[in-house]
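Coordinates as given in entry-v9.json (JSON, C-alpha atoms):
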[["chain", "number", "residue", "atom", "x", "y", "z"],
["A", 141, "MET", "CA", -8.80, -34.78, 1.84],
["A", 142, "GLN", "CA", -11.65, -32.28, 1.87],
["A", 143, "SER", "CA", -11.20, -29.05, -0.07],
["A", 144, "ILE", "CA", -12.77, -25.83, 1.19],
["A", 145, "PRO", "CA", -13.05, -22.76, -1.07],
["A", 146, "VAL", "CA", -11.88, -19.58, 0.69],
["A", 147, "ASP", "CA", -13.50, -16.19, 0.14],
["A", 148, "THR", "CA", -10.41, -13.95, -0.11],
["A", 149, "ALA", "CA", -12.58, -10.80, 0.02],
["A", 150, "ARG", "CA", -13.19, -11.56, 3.70],
["A", 151, "LEU", "CA", -9.49, -11.96, 4.55],
["A", 152, "GLY", "CA", -8.60, -8.28, 4.50],
["A", 153, "VAL", "CA", -5.32, -7.11, 2.97],
["A", 154, "LEU", "CA", -3.14, -9.96, 1.72],
["A", 155, "ARG", "CA", 0.54, -9.04, 1.69],
["A", 156, "CYS", "CA", 3.63, -11.00, 0.61],
["A", 157, "ALA", "CA", 5.75, -11.96, 3.65],
["A", 158, "ILE", "CA", 8.22, -14.19, 1.77],
["A", 159, "ALA", "CA", 8.63, -14.03, -2.01],
["A", 160, "PRO", "CA", 7.90, -17.15, -4.11],
["A", 161, "GLU", "CA", 10.16, -20.14, -3.48],
["A", 162, "ALA", "CA", 10.15, -23.53, -5.18],
["A", 163, "LYS", "CA", 8.53, -26.07, -2.86],
["A", 164, "ILE", "CA", 10.89, -28.84, -1.74],
["A", 165, "SER", "CA", 9.35, -32.32, -1.64],
["A", 166, "ASN", "CA", 12.41, -34.05, -0.15],
["A", 167, "PRO", "CA", 14.62, -31.98, 2.18],
["A", 168, "GLU", "CA", 17.42, -34.57, 2.10],
["A", 169, "THR", "CA", 17.83, -34.53, -1.69],
["A", 170, "GLN", "CA", 16.47, -30.97, -2.22],
["A", 171, "GLU", "CA", 14.09, -32.42, -4.82],
["A", 172, "VAL", "CA", 11.62, -29.80, -6.05],
["A", 173, "LYS", "CA", 7.91, -30.67, -5.91],
["A", 174, "LYS", "CA", 6.13, -30.93, -9.29],
["A", 175, "ASP", "CA", 2.48, -31.22, -10.26],
["A", 176, "ARG", "CA", 1.08, -34.02, -12.47],
["A", 177, "ASP", "CA", 2.15, -32.19, -15.61],
["A", 178, "GLY", "CA", 5.74, -31.69, -14.41],
["A", 179, "ASN", "CA", 5.34, -28.01, -13.53],
["A", 180, "THR", "CA", 7.18, -26.74, -10.44],
["A", 181, "ILE", "CA", 5.07, -25.93, -7.38],
["A", 182, "TYR", "CA", 5.95, -22.66, -5.62],
["A", 183, "THR", "CA", 4.98, -21.38, -2.18],
["A", 184, "VAL", "CA", 4.38, -17.80, -1.15],
["A", 185, "ALA", "CA", 4.11, -16.79, 2.51],
["A", 186, "VAL", "CA", 1.22, -14.34, 2.84],
["A", 187, "THR", "CA", 0.14, -12.22, 5.79],
["A", 188, "VAL", "CA", -3.57, -12.11, 6.57],
["A", 189, "ARG", "CA", -5.18, -9.60, 8.91],
["A", 190, "GLN", "CA", -8.92, -9.44, 9.42],
["A", 191, "ASP", "CA", -10.79, -6.72, 11.26],
["A", 192, "ARG", "CA", -7.90, -5.42, 13.38],
["A", 193, "ARG", "CA", -7.04, -8.90, 14.65],
["A", 194, "ARG", "CA", -3.57, -10.33, 14.91],
["A", 195, "ILE", "CA", -1.67, -10.95, 11.72],
["A", 196, "SER", "CA", -1.44, -14.58, 10.62],
["A", 197, "VAL", "CA", 0.99, -15.93, 8.05],
["A", 198, "ILE", "CA", -0.14, -18.70, 5.71],
["A", 199, "GLU", "CA", 1.86, -20.46, 3.01],
["A", 200, "ILE", "CA", 0.02, -20.76, -0.28],
["A", 201, "SER", "CA", 1.09, -23.22, -2.97],
["A", 202, "VAL", "CA", 0.64, -22.39, -6.64],
["A", 203, "THR", "CA", 1.69, -24.11, -9.86],
["A", 204, "GLY", "CA", 4.31, -22.18, -11.79],
["A", 205, "GLU", "CA", 6.39, -19.26, -10.58],
["A", 206, "PRO", "CA", 4.33, -16.19, -9.74],
["A", 207, "LYS", "CA", 5.94, -13.21, -11.50],
["A", 208, "GLY", "CA", 6.58, -9.72, -10.14],
["A", 209, "ILE", "CA", 5.98, -10.52, -6.47],
["A", 210, "GLU", "CA", 8.15, -8.85, -3.85],
["A", 211, "GLU", "CA", 8.06, -8.92, -0.05],
["A", 212, "GLY", "CA", 5.66, -6.37, 1.40],
["A", 213, "GLN", "CA", 3.59, -6.15, -1.78],
["A", 214, "ILE", "CA", -0.20, -6.43, -1.70],
["A", 215, "LEU", "CA", -1.38, -9.55, -3.52],
["A", 216, "LYS", "CA", -4.45, -10.82, -5.33],
["A", 217, "ILE", "CA", -5.11, -14.50, -4.67],
["A", 218, "THR", "CA", -7.35, -16.25, -7.21],
["A", 219, "GLY", "CA", -9.05, -19.58, -6.54],
["A", 220, "LEU", "CA", -7.81, -20.04, -2.95],
["A", 221, "THR", "CA", -8.69, -23.43, -1.47],
["A", 222, "ALA", "CA", -7.93, -24.84, 1.99],
["A", 223, "PHE", "CA", -7.27, -28.55, 2.58],
["A", 224, "ALA", "CA", -7.44, -30.27, 5.95],
["A", 225, "TRP", "CA", -4.76, -32.97, 6.31],
["A", 226, "SER", "CA", -3.46, -35.43, 8.89],
["A", 227, "MET", "CA", -0.52, -37.82, 9.05],
["A", 228, "GLY", "CA", -0.31, -39.87, 12.21],
["A", 229, "ASP", "CA", -0.35, -37.46, 15.15],
["A", 230, "ARG", "CA", 0.22, -34.43, 12.91],
["A", 231, "HIS", "CA", -2.57, -32.44, 11.30],
["A", 232, "GLY", "CA", -3.18, -29.01, 9.82],
["A", 233, "ILE", "CA", -4.51, -26.98, 6.95],
["A", 234, "SER", "CA", -2.70, -26.32, 3.68],
["A", 235, "PHE", "CA", -3.60, -23.72, 1.08],
["A", 236, "ARG", "CA", -3.49, -23.76, -2.73],
["A", 237, "ALA", "CA", -4.35, -21.08, -5.26],
["A", 238, "ASP", "CA", -4.97, -21.00, -8.98],
["A", 239, "ALA", "CA", -2.92, -17.79, -9.22],
["A", 240, "ILE", "CA", -1.08, -15.25, -7.09],
["A", 241, "THR", "CA", -0.52, -11.85, -8.69],
["A", 242, "PRO", "CA", 0.77, -8.51, -7.44],
["A", 243, "VAL", "CA", -1.66, -5.63, -7.04],
["A", 244, "PRO", "CA", -0.21, -2.63, -8.86],
["A", 245, "SER", "CA", 0.57, 0.19, -6.45],
["A", 246, "VAL", "CA", -1.29, 3.39, -7.07],
["A", 247, "THR", "CA", 0.95, 6.41, -7.15],
["A", 248, "ALA", "CA", -0.28, 9.97, -7.13],
["A", 249, "ALA", "CA", -0.31, 11.57, -10.56],
["A", 250, "PRO", "CA", 1.95, 14.57, -10.88],
["A", 251, "VAL", "CA", 0.16, 17.87, -10.51],
["A", 252, "LYS", "CA", 0.40, 19.96, -13.65],
["A", 253, "GLY", "CA", 1.08, 23.61, -13.11],
["A", 254, "GLY", "CA", -1.48, 26.02, -14.44],
["A", 255, "GLY", "CA", 1.10, 28.60, -15.40],
["A", 256, "ALA", "CA", 1.18, 32.12, -14.05]]

Have the structure of the file written as structure tokens, please.
Amino acid sequence: MQSIPVDTARLGVLRCAIAPEAKISNPETQEVKKDRDGNTIYTVAVTVRQDRRRISVIEISVTGEPKGIEEGQILKITGLTAFAWSMGDRHGISFRADAITPVPSVTAAPVKGGGA
């Protein structure tokens, strides 16, 4: 499987579509997928929109539960890598990241009155 580093700066605004969920490795037994060290793998559905094009949704896997992420929130994706895969007649691209963190929202500072 070939890994391809992804330049997230070229992807436009990355926004959480579905909050982090534990990745299921076996739908019949509901077994949760783990990495080599026994840590749970989570997926986050992220919307991607480049240069006024249509919005795409990609699922990104990450080790450990990303904290503080809510639907609609702008995200920072660190170390995003794409992997091409195929199994029989099926094929696609999967995504993994080193970290997924929320971007703090910037709120306007209150205006202080100058007195009269």

What's around A:Ala237 at 9 Å? Count all atoms listed in the file, leave out sequence neighbours fewer than 4 positions away in its own chain, and write the answer as a PDB file with C-alpha atoms, keeping the file's coordinate frame.
ATOM      1  CA  ILE A 200       0.020 -20.760  -0.280  1.00  0.00           C
ATOM      2  CA  SER A 201       1.090 -23.220  -2.970  1.00  0.00           C
ATOM      3  CA  VAL A 202       0.640 -22.390  -6.640  1.00  0.00           C
ATOM      4  CA  THR A 203       1.690 -24.110  -9.860  1.00  0.00           C
ATOM      5  CA  ILE A 217      -5.110 -14.500  -4.670  1.00  0.00           C
ATOM      6  CA  THR A 218      -7.350 -16.250  -7.210  1.00  0.00           C
ATOM      7  CA  GLY A 219      -9.050 -19.580  -6.540  1.00  0.00           C
ATOM      8  CA  LEU A 220      -7.810 -20.040  -2.950  1.00  0.00           C
ATOM      9  CA  THR A 221      -8.690 -23.430  -1.470  1.00  0.00           C
ATOM     10  CA  ALA A 222      -7.930 -24.840   1.990  1.00  0.00           C
TER      11      ALA A 222
END

Check your understanding: What gap, in Å, lies between atom CA of A:Thr241 and atom CA of A:Cys156?
Key -> 10.2 Å

Check your understanding: Hey, what's within 9 Å of stretch 152-155 of chain A if we count all atoms listed in the file and toss same-chain stuff fewer than 3 positions away? As a PyMOL selection string, please?
Key -> chain A and resi 148-149+185-191+211-217

Review point. Could you tell me, as number ranges by chain, which residues have any atom at most 8 Å from (4.9, -23.5, -5.7), counting only C-alpha atoms?
Key: A: 160-163, 173, 180-184, 200-205

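Between A:Val146 and the candidates A:Glu171, A:Asp238, A:Val197, A:Gly228, the tightest atom-to-atom separation, counting all atoms listed in the file, involves A:Asp238.
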
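Put simply, atom CA of A:Ser245 is 15.3 Å away from atom CA of A:Lys207.
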
Review point. Between A:Pro244, A:Ala239, A:Asp147, A:Ala157, which is the closest to A:Ile195 once you count all atoms listed in the file?
Key: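 Using all atoms listed in the file, A:Ile195 sits closest to A:Ala157.
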
Point to revise | Between atom CA of A:Leu151 and atom CA of A:Asp229 - distance in Å to one decimal | key: 29.1 Å

**Study point:** Nearest to A:Ser234 by atom-to-atom distance, counting only C-alpha atoms, from A:Thr169, A:Asn179, A:Arg150, A:Ser143
**Key:**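 Of the candidates, the smallest distance to A:Ser234 is held by A:Ser143.
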
Please enclose the listed atoms of stretch 176-184 of chain A in an axis-aligned box, pad each side by 8 Å, and write out the centre and the three edge lengths in Å, rounded to one decimal, as JSON.
{"center_x": 4.1, "center_y": -25.9, "center_z": -8.4, "size_x": 22.1, "size_y": 32.2, "size_z": 30.5}
